[in-house]
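Q: One file: model-v6.cif (mmCIF, C-alpha atoms).
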data_data
loop_
_atom_site.group_PDB
_atom_site.id
_atom_site.type_symbol
_atom_site.label_atom_id
_atom_site.label_comp_id
_atom_site.auth_asym_id
_atom_site.auth_seq_id
_atom_site.Cartn_x
_atom_site.Cartn_y
_atom_site.Cartn_z
ATOM 1 C CA MET A 1 60.086 34.759 64.446
ATOM 2 C CA ALA A 2 59.275 32.025 61.972
ATOM 3 C CA ASP A 3 57.338 33.140 58.919
ATOM 4 C CA LEU A 4 55.487 30.157 57.545
ATOM 5 C CA GLU A 5 52.964 29.895 54.730
ATOM 6 C CA GLN A 6 49.904 29.595 56.937
ATOM 7 C CA MET A 7 51.017 31.120 60.221
ATOM 8 C CA VAL A 8 53.432 33.356 62.053
ATOM 9 C CA VAL A 9 55.285 31.842 65.015
ATOM 10 C CA LEU A 10 56.693 34.035 67.776
ATOM 11 C CA ASP A 11 58.932 32.753 70.569
ATOM 12 C CA ARG A 12 57.923 34.374 73.850
ATOM 13 C CA GLY A 13 59.984 33.105 76.756
ATOM 14 C CA GLY A 14 60.059 29.550 75.480
ATOM 15 C CA VAL A 15 56.366 29.506 74.566
ATOM 16 C CA LYS A 16 55.537 29.429 70.867
ATOM 17 C CA LEU A 17 52.801 31.926 70.091
ATOM 18 C CA VAL A 18 51.174 31.047 66.791
ATOM 19 C CA ARG A 19 48.954 33.409 64.870
ATOM 20 C CA PHE A 20 47.219 32.391 61.710
ATOM 21 C CA ARG A 21 47.736 34.931 58.988
ATOM 22 C CA SER A 22 45.509 37.978 59.058
ATOM 23 C CA GLY A 23 42.068 37.251 57.716
ATOM 24 C CA SER A 24 43.063 33.623 57.478
ATOM 25 C CA ILE A 25 40.279 31.234 56.798
ATOM 26 C CA LEU A 26 41.114 27.666 57.586
ATOM 27 C CA ARG A 27 39.919 25.819 54.531
ATOM 28 C CA GLU A 28 40.276 22.235 53.465
ATOM 29 C CA ALA A 29 42.768 23.114 50.778
ATOM 30 C CA ASP A 30 44.976 24.746 53.413
ATOM 31 C CA ALA A 31 44.564 22.068 56.037
ATOM 32 C CA GLU A 32 47.412 19.827 54.957
ATOM 33 C CA ALA A 33 49.874 22.734 55.005
ATOM 34 C CA ILE A 34 48.521 23.816 58.374
ATOM 35 C CA GLY A 35 48.961 20.283 59.692
ATOM 36 C CA ARG A 36 52.573 20.110 58.532
ATOM 37 C CA GLU A 37 53.418 23.485 60.002
ATOM 38 C CA LEU A 38 51.690 22.694 63.298
ATOM 39 C CA LEU A 39 53.522 19.405 63.679
ATOM 40 C CA GLY A 40 56.792 21.255 63.121
ATOM 41 C CA LEU A 41 56.061 23.064 66.392
ATOM 42 C CA ALA A 42 56.120 19.779 68.252
ATOM 43 C CA ALA A 43 59.685 18.903 67.293
ATOM 44 C CA ALA A 44 61.196 20.072 70.587
ATOM 45 C CA PRO A 45 60.440 18.084 73.749
ATOM 46 C CA GLY A 46 58.251 19.839 76.298
ATOM 47 C CA GLN A 47 57.241 22.539 73.827
ATOM 48 C CA ARG A 48 54.452 24.830 75.001
ATOM 49 C CA VAL A 49 52.299 26.378 72.285
ATOM 50 C CA VAL A 50 49.562 29.003 72.228
ATOM 51 C CA LEU A 51 47.417 29.036 69.097
ATOM 52 C CA SER A 52 45.687 32.352 68.549
ATOM 53 C CA PHE A 53 42.588 32.161 66.358
ATOM 54 C CA LEU A 54 42.282 35.920 65.984
ATOM 55 C CA GLY A 55 40.840 36.639 62.546
ATOM 56 C CA VAL A 56 39.836 33.048 61.903
ATOM 57 C CA VAL A 57 36.183 33.039 60.905
ATOM 58 C CA HIS A 58 35.802 29.562 59.486
ATOM 59 C CA LEU A 59 37.260 26.121 59.917
ATOM 60 C CA THR A 60 36.355 22.562 59.143
ATOM 61 C CA SER A 61 36.667 19.152 60.716
ATOM 62 C CA LEU A 62 39.879 18.447 58.817
ATOM 63 C CA VAL A 63 41.554 21.338 60.632
ATOM 64 C CA LEU A 64 40.120 20.095 63.922
ATOM 65 C CA GLY A 65 41.849 16.808 63.167
ATOM 66 C CA LYS A 66 45.140 18.635 62.675
ATOM 67 C CA LEU A 67 44.731 20.355 66.041
ATOM 68 C CA ILE A 68 44.065 17.034 67.735
ATOM 69 C CA HIS A 69 47.135 15.579 66.068
ATOM 70 C CA LEU A 70 49.216 18.480 67.386
ATOM 71 C CA HIS A 71 47.741 18.071 70.863
ATOM 72 C CA LYS A 72 48.652 14.374 70.932
ATOM 73 C CA ARG A 73 52.144 14.872 69.509
ATOM 74 C CA LEU A 74 52.929 17.601 72.027
ATOM 75 C CA ALA A 75 51.515 15.612 74.921
ATOM 76 C CA GLU A 76 53.629 12.601 73.985
ATOM 77 C CA ALA A 77 56.719 14.820 74.246
ATOM 78 C CA GLY A 78 55.683 16.490 77.499
ATOM 79 C CA GLY A 79 54.398 19.652 75.864
ATOM 80 C CA GLU A 80 50.984 21.265 75.559
ATOM 81 C CA VAL A 81 48.927 23.476 73.280
ATOM 82 C CA ARG A 82 46.421 26.032 74.511
ATOM 83 C CA LEU A 83 43.990 27.994 72.350
ATOM 84 C CA ALA A 84 42.871 31.620 72.478
ATOM 85 C CA ASP A 85 40.956 34.397 70.735
ATOM 86 C CA ILE A 86 38.357 32.101 69.260
ATOM 87 C CA ASP A 87 35.413 33.677 67.454
ATOM 88 C CA PRO A 88 32.110 32.727 69.133
ATOM 89 C CA ARG A 89 30.933 30.775 66.081
ATOM 90 C CA ILE A 90 34.202 28.846 65.949
ATOM 91 C CA TYR A 91 33.999 28.258 69.696
ATOM 92 C CA GLU A 92 30.602 26.695 69.162
ATOM 93 C CA VAL A 93 32.210 24.195 66.784
ATOM 94 C CA PHE A 94 34.615 23.221 69.561
ATOM 95 C CA SER A 95 31.696 22.978 71.943
ATOM 96 C CA VAL A 96 29.493 20.905 69.622
ATOM 97 C CA THR A 97 32.330 18.460 69.040
ATOM 98 C CA ARG A 98 33.177 18.582 72.767
ATOM 99 C CA LEU A 99 36.740 19.478 71.925
ATOM 100 C CA ASP A 100 36.411 22.268 74.471
ATOM 101 C CA ARG A 101 37.039 19.437 76.949
ATOM 102 C CA LEU A 102 40.200 18.329 75.195
ATOM 103 C CA PHE A 103 41.766 21.758 74.739
ATOM 104 C CA ARG A 104 42.340 24.479 77.307
ATOM 105 C CA ILE A 105 40.761 27.550 75.722
ATOM 106 C CA TYR A 106 41.360 31.136 76.845
ATOM 107 C CA GLU A 107 39.555 34.306 75.901
ATOM 108 C CA ARG A 108 42.695 36.209 74.857
ATOM 109 C CA GLU A 109 46.160 35.137 73.795
ATOM 110 C CA GLU A 110 47.654 37.118 76.706
ATOM 111 C CA ASP A 111 45.635 34.966 79.088
ATOM 112 C CA ALA A 112 46.828 31.796 77.406
ATOM 113 C CA MET A 113 50.452 32.969 77.460
ATOM 114 C CA ALA A 114 50.161 33.946 81.121
ATOM 115 C CA SER A 115 48.709 30.541 81.952
ATOM 116 C CA PHE A 116 52.025 28.956 81.013
ATOM 117 C CA ARG A 117 54.009 31.193 83.358
ATOM 118 C CA PRO A 118 54.589 30.020 86.919
ATOM 119 C CA GLN A 119 52.356 31.795 89.421
ATOM 120 C CA GLY A 120 53.816 35.105 90.593
ATOM 121 C CA GLU A 121 56.128 35.443 87.589
ATOM 122 C CA ALA A 122 55.646 38.722 85.756
ATOM 123 C CA GLU A 123 55.768 38.999 81.999
ATOM 124 C CA GLY A 124 59.319 39.761 80.876
ATOM 125 C CA MET B 1 17.169 8.364 42.998
ATOM 126 C CA ALA B 2 17.864 6.106 45.899
ATOM 127 C CA GLU B 3 15.419 5.402 48.693
ATOM 128 C CA GLY B 4 15.985 7.544 51.772
ATOM 129 C CA VAL B 5 16.717 10.693 49.821
ATOM 130 C CA PRO B 6 13.272 11.779 48.649
ATOM 131 C CA GLU B 7 12.559 12.745 45.081
ATOM 132 C CA THR B 8 11.791 16.375 44.508
ATOM 133 C CA ASP B 9 8.351 17.108 43.074
ATOM 134 C CA ASP B 10 9.402 20.483 41.746
ATOM 135 C CA LEU B 11 12.646 20.877 39.864
ATOM 136 C CA SER B 12 12.311 24.617 39.303
ATOM 137 C CA GLY B 13 15.023 26.687 40.838
ATOM 138 C CA TRP B 14 17.475 23.829 41.234
ATOM 139 C CA THR B 15 21.086 24.394 40.357
ATOM 140 C CA GLU B 16 23.111 21.324 39.458
ATOM 141 C CA ARG B 17 26.867 21.145 39.093
ATOM 142 C CA THR B 18 29.218 18.308 38.387
ATOM 143 C CA LEU B 19 32.461 18.915 40.240
ATOM 144 C CA PRO B 20 35.838 17.294 39.734
ATOM 145 C CA THR B 21 37.307 15.497 42.721
ATOM 146 C CA ASN B 22 39.469 18.415 43.724
ATOM 147 C CA LEU B 23 39.094 20.307 47.003
ATOM 148 C CA GLY B 24 39.786 23.580 45.227
ATOM 149 C CA ALA B 25 36.642 23.035 43.141
ATOM 150 C CA ILE B 26 34.502 23.699 46.213
ATOM 151 C CA ARG B 27 35.235 27.415 46.335
ATOM 152 C CA ASP B 28 33.224 28.715 43.378
ATOM 153 C CA PRO B 29 29.935 26.951 44.164
ATOM 154 C CA GLU B 30 30.388 27.807 47.826
ATOM 155 C CA ARG B 31 30.713 31.476 46.943
ATOM 156 C CA GLU B 32 27.577 31.270 44.798
ATOM 157 C CA VAL B 33 25.604 29.603 47.577
ATOM 158 C CA LEU B 34 26.713 32.112 50.211
ATOM 159 C CA THR B 35 25.849 35.025 47.937
ATOM 160 C CA ARG B 36 22.383 33.625 47.262
ATOM 161 C CA LEU B 37 21.821 32.956 50.959
ATOM 162 C CA ALA B 38 22.629 36.570 51.789
ATOM 163 C CA GLU B 39 20.282 37.760 49.034
ATOM 164 C CA CYS B 40 17.542 35.558 50.460
ATOM 165 C CA GLY B 41 17.935 37.005 53.948
ATOM 166 C CA PHE B 42 19.791 34.218 55.752
ATOM 167 C CA ASP B 43 21.717 35.769 58.650
ATOM 168 C CA GLU B 44 25.397 35.346 59.434
ATOM 169 C CA ASP B 45 24.900 32.464 61.845
ATOM 170 C CA GLN B 46 22.811 30.602 59.275
ATOM 171 C CA ARG B 47 25.358 31.252 56.531
ATOM 172 C CA PHE B 48 28.130 30.014 58.811
ATOM 173 C CA ALA B 49 26.152 26.837 59.479
ATOM 174 C CA VAL B 50 25.403 26.174 55.819
ATOM 175 C CA ARG B 51 28.964 26.905 54.793
ATOM 176 C CA LEU B 52 30.294 24.455 57.358
ATOM 177 C CA ALA B 53 27.903 21.701 56.305
ATOM 178 C CA PHE B 54 28.433 22.449 52.615
ATOM 179 C CA GLU B 55 32.201 22.057 52.913
ATOM 180 C CA GLU B 56 31.984 18.994 55.125
ATOM 181 C CA ALA B 57 29.623 17.236 52.710
ATOM 182 C CA LEU B 58 31.706 17.999 49.634
ATOM 183 C CA VAL B 59 34.981 17.108 51.310
ATOM 184 C CA ASN B 60 33.485 13.839 52.548
ATOM 185 C CA ALA B 61 32.288 13.056 49.019
ATOM 186 C CA MET B 62 35.721 13.724 47.525
ATOM 187 C CA LYS B 63 37.950 12.276 50.244
ATOM 188 C CA HIS B 64 35.963 9.374 51.631
ATOM 189 C CA GLY B 65 33.541 8.716 48.774
ATOM 190 C CA ASN B 66 35.660 9.214 45.687
ATOM 191 C CA ARG B 67 38.930 8.680 47.593
ATOM 192 C CA MET B 68 40.382 11.674 45.743
ATOM 193 C CA ASP B 69 40.211 9.716 42.478
ATOM 194 C CA PRO B 70 40.331 12.413 39.769
ATOM 195 C CA ALA B 71 38.393 10.144 37.412
ATOM 196 C CA ARG B 72 35.345 10.349 39.695
ATOM 197 C CA LYS B 73 32.938 13.256 39.941
ATOM 198 C CA VAL B 74 30.741 14.779 42.624
ATOM 199 C CA ARG B 75 27.215 15.881 41.773
ATOM 200 C CA LEU B 76 26.107 18.955 43.689
ATOM 201 C CA THR B 77 22.472 20.049 43.536
ATOM 202 C CA TYR B 78 20.952 22.866 45.530
ATOM 203 C CA ARG B 79 17.932 25.101 45.713
ATOM 204 C CA ILE B 80 17.667 28.297 47.713
ATOM 205 C CA SER B 81 14.569 30.289 48.577
ATOM 206 C CA PRO B 82 13.843 32.876 51.270
ATOM 207 C CA GLU B 83 12.456 30.019 53.363
ATOM 208 C CA ARG B 84 15.084 27.309 53.042
ATOM 209 C CA ILE B 85 18.121 25.886 51.358
ATOM 210 C CA GLU B 86 18.264 22.266 50.306
ATOM 211 C CA ILE B 87 21.571 20.721 49.248
ATOM 212 C CA ARG B 88 22.294 17.304 47.791
ATOM 213 C CA VAL B 89 25.769 15.907 47.306
ATOM 214 C CA ALA B 90 26.357 12.579 45.562
ATOM 215 C CA ASP B 91 29.683 10.862 44.977
ATOM 216 C CA GLU B 92 30.758 7.906 42.830
ATOM 217 C CA GLY B 93 32.243 5.856 45.641
ATOM 218 C CA ALA B 94 31.224 2.589 47.245
ATOM 219 C CA GLY B 95 29.057 4.302 49.850
ATOM 220 C CA PHE B 96 29.128 3.852 53.620
ATOM 221 C CA ASN B 97 26.886 3.296 56.608
ATOM 222 C CA PRO B 98 26.482 6.634 58.413
ATOM 223 C CA LYS B 99 25.271 4.805 61.516
ATOM 224 C CA GLY B 100 28.589 2.967 61.613
ATOM 225 C CA VAL B 101 30.619 6.116 62.197
ATOM 226 C CA PRO B 102 31.769 6.204 65.845
ATOM 227 C CA ASP B 103 30.457 9.052 67.964
ATOM 228 C CA PRO B 104 33.409 11.474 68.068
ATOM 229 C CA THR B 105 32.139 13.094 71.263
ATOM 230 C CA CYS B 106 32.539 9.912 73.334
ATOM 231 C CA ASP B 107 35.485 10.093 75.714
ATOM 232 C CA GLU B 108 37.220 7.179 74.011
ATOM 233 C CA ASN B 109 36.930 8.880 70.610
ATOM 234 C CA LEU B 110 37.711 12.432 71.655
ATOM 235 C CA GLN B 111 41.317 12.227 70.485
ATOM 236 C CA ARG B 112 40.522 10.553 67.181
ATOM 237 C CA PRO B 113 41.453 13.028 64.459
ATOM 238 C CA CYS B 114 38.611 11.949 62.123
ATOM 239 C CA GLY B 115 34.854 11.424 62.181
ATOM 240 C CA ARG B 116 33.521 14.879 63.012
ATOM 241 C CA GLY B 117 32.267 15.953 59.589
ATOM 242 C CA ILE B 118 28.954 14.111 59.696
ATOM 243 C CA MET B 119 28.237 15.087 63.272
ATOM 244 C CA LEU B 120 28.862 18.752 62.415
ATOM 245 C CA ILE B 121 26.487 18.499 59.455
ATOM 246 C CA ARG B 122 23.828 17.016 61.722
ATOM 247 C CA ALA B 123 24.419 19.671 64.362
ATOM 248 C CA TYR B 124 24.234 22.639 62.009
ATOM 249 C CA MET B 125 21.524 21.622 59.532
ATOM 250 C CA ASP B 126 17.833 21.098 60.262
ATOM 251 C CA GLU B 127 17.274 17.981 58.164
ATOM 252 C CA VAL B 128 19.891 15.435 57.154
ATOM 253 C CA CYS B 129 19.418 12.097 55.453
ATOM 254 C CA PHE B 130 21.473 9.682 53.393
ATOM 255 C CA SER B 131 20.735 7.320 50.558
ATOM 256 C CA PRO B 132 20.755 3.669 51.648
ATOM 257 C CA ARG B 133 24.187 3.159 50.108
ATOM 258 C CA GLY B 134 25.472 6.310 51.782
ATOM 259 C CA ASP B 135 26.660 7.760 48.491
ATOM 260 C CA GLU B 136 24.316 10.734 48.616
ATOM 261 C CA ILE B 137 23.450 13.189 51.368
ATOM 262 C CA ARG B 138 20.495 15.559 51.459
ATOM 263 C CA MET B 139 20.465 18.412 53.935
ATOM 264 C CA VAL B 140 18.126 21.311 54.585
ATOM 265 C CA LYS B 141 18.388 24.542 56.566
ATOM 266 C CA PHE B 142 15.278 26.617 57.242
ATOM 267 C CA ARG B 143 15.578 30.384 57.566
ATOM 268 C CA HIS B 144 12.779 30.611 60.109
ATOM 269 C CA GLY B 145 13.550 27.464 62.021
ATOM 270 C CA ARG B 146 12.613 23.918 61.386
ATOM 271 C CA CYS B 147 9.104 23.174 60.169
ATOM 272 C CA THR B 148 7.076 20.861 62.389
ATOM 273 C CA GLY B 149 6.505 17.499 60.811
ATOM 274 C CA GLY B 150 9.562 17.918 58.600
ATOM 275 C CA GLY B 151 12.184 15.342 57.837
ATOM 276 C CA THR B 152 14.402 13.763 60.402
ATOM 277 C CA LYS B 153 18.065 13.513 61.050
ATOM 278 C CA THR B 154 18.911 9.912 60.329
#
So that I can check it, write out the structure of this file as structure tokens.

A:
Amino acid sequence: MADLEQMVVLDRGGVKLVRFRSGSILREADAEAIGRELLGLAAAPGQRVVLSFLGVVHLTSLVLGKLIHLHKRLAEAGGEVRLADIDPRIYEVFSVTRLDRLFRIYEREEDAMASFRPQGEAEG
Amino acid sequence: MAEGVPETDDLSGWTERTLPTNLGAIRDPEREVLTRLAECGFDEDQRFAVRLAFEEALVNAMKHGNRMDPARKVRLTYRISPERIEIRVADEGAGFNPKGVPDPTCDENLQRPCGRGIMLIRAYMDEVCFSPRGDEIRMVKFRHGRCTGGGTKT
């Protein structure tokens, strides 16, 4: 487990599960640190990442930009990020900006984690 | 005041603050605004919307307007009543043309990391307008929905 300033990263069968810190509110002042820590996840080729937004009740366009940056960096290296546990108000922000078309979004982090497993493979 | 952002005919109840160009300086006035909104009966969805627009406008003013120059200030003015909140944010930058910002929802712009702040403000507030130079934004949110014949999103 990696314990970063803005997030906790768990390695689950090769998939990085990222949870923002409890009660975390993604503010502008935190966005640069979030961006740095997110890009650190993309260091390995083919990295698969699930970002859980559980507890996140606010975010801004600067953080959206960081997510897009992560998405691009991962895609360039054959990896992918999927999102989960998004509060309905935050989901609306993704919808308004049409980023729900760019990102694969799941209701729960378990669903997002399972989506990375080959069909028929049980959770280990 | 510049054309495009109408003068107010009644200055009572306005709060004006001059903020340093520092993203951390947003927190205190934001807290004040959210507290007043709750006192005035704005619901959680409305407070979420105002908070989003409030932060986007101030961050735009500091980052893109003042270019994070600590010598420049941001003027924040707002007025809150049980019917509406009106917010004005002015920076000391060179201004910009809001119509020149590419639509971030177009397929070709979807992966651009920037350019969503203004569209979020327009999506979440009921009235939005800019001064001709683009160095001041005025935005309004109505508690009971938008008044007919009100201002327009420009």

Q: Care to translate the PyMOL selection byres ((chain B) within 6 of (chain A)) into actual residues of this file, as JSON, numbers by chain?

A: {"B": [23, 105, 113, 114, 116, 117]}

Q: Excluding stretch 52-61 of chain B and residues on its chain fewer than 6 positions from it, collect all residues at most 7 Å away from it, counting all atoms listed in the file, and give them as a ChimeraX atom specification.

A: /A:60 /B:23,74,89-91,117,120-121,124

Q: When you draw a straight line from atom CA of A:Leu83 to atom CA of A:Arg19, how long is it in Å?

A: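 Separation of atom CA of A:Leu83 and atom CA of A:Arg19: 10.5 Å.
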
Q: Tell me, in Å to one decimal, how far atom CA of A:Ala43 is from atom CA of A:Ala77.

A: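 Rounded to one decimal, the two atoms are 8.6 Å apart.
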
Q: Which value, in Å to one decimal, gives the distance between atom CA of A:Leu17 and atom CA of A:Arg108?

A: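 One can read the atom CA of A:Leu17 to atom CA of A:Arg108 distance as 12.0 Å.
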
Q: Using the chain letters and numbers from the file, give me the residues hit by the PyMOL selection byres ((chain B and resi 137) around 10), as a VMD selection string.

A: chain B and resid 4 to 5 57 to 58 61 76 87 to 91 128 to 132 134 to 136 138 to 139

Q: Print the selection's residues with C-alpha atoms to a file, as a PDB file, keeping the file's coordinate frame.

A:
ATOM      1  CA  GLY B   4      15.985   7.544  51.772  1.00  0.00           C
ATOM      2  CA  VAL B   5      16.717  10.693  49.821  1.00  0.00           C
ATOM      3  CA  ALA B  57      29.623  17.236  52.710  1.00  0.00           C
ATOM      4  CA  LEU B  58      31.706  17.999  49.634  1.00  0.00           C
ATOM      5  CA  ALA B  61      32.288  13.056  49.019  1.00  0.00           C
ATOM      6  CA  LEU B  76      26.107  18.955  43.689  1.00  0.00           C
ATOM      7  CA  ILE B  87      21.571  20.721  49.248  1.00  0.00           C
ATOM      8  CA  ARG B  88      22.294  17.304  47.791  1.00  0.00           C
ATOM      9  CA  VAL B  89      25.769  15.907  47.306  1.00  0.00           C
ATOM     10  CA  ALA B  90      26.357  12.579  45.562  1.00  0.00           C
ATOM     11  CA  ASP B  91      29.683  10.862  44.977  1.00  0.00           C
ATOM     12  CA  VAL B 128      19.891  15.435  57.154  1.00  0.00           C
ATOM     13  CA  CYS B 129      19.418  12.097  55.453  1.00  0.00           C
ATOM     14  CA  PHE B 130      21.473   9.682  53.393  1.00  0.00           C
ATOM     15  CA  SER B 131      20.735   7.320  50.558  1.00  0.00           C
ATOM     16  CA  PRO B 132      20.755   3.669  51.648  1.00  0.00           C
ATOM     17  CA  GLY B 134      25.472   6.310  51.782  1.00  0.00           C
ATOM     18  CA  ASP B 135      26.660   7.760  48.491  1.00  0.00           C
ATOM     19  CA  GLU B 136      24.316  10.734  48.616  1.00  0.00           C
ATOM     20  CA  ARG B 138      20.495  15.559  51.459  1.00  0.00           C
ATOM     21  CA  MET B 139      20.465  18.412  53.935  1.00  0.00           C
TER      22      MET B 139
END

Q: For stretch 36-42 of chain A, list every protein, DNA or RNA residue within 7 Å, evaluated using only C-alpha atoms, and leave out those in the same chain fewer than 5 positions away; present the list as a VMD selection string.

A: chain A and resid 47 70 73 to 74

Q: List the neighbours of stretch 78-85 of chain B out to 9 Å using all atoms listed in the file; skip same-chain residues closer than 2 positions along the sequence, and give me the result as number ranges by chain.

A: B: 11-17, 33, 36-37, 39-42, 50, 76, 87-89, 139-144

Q: Smallest atom-to-atom distance to B:Ile118: which of B:Arg47, B:Arg67, B:Arg146, B:Lys99, using only C-alpha atoms?

A: B:Lys99

Q: Would you mind listing what lies within 8 Å of A:Gly46 as a ChimeraX atom specification, with all atoms listed in the file counted and same-chain residues fewer than 2 positions away left out?

A: /A:44,48,74,77-80
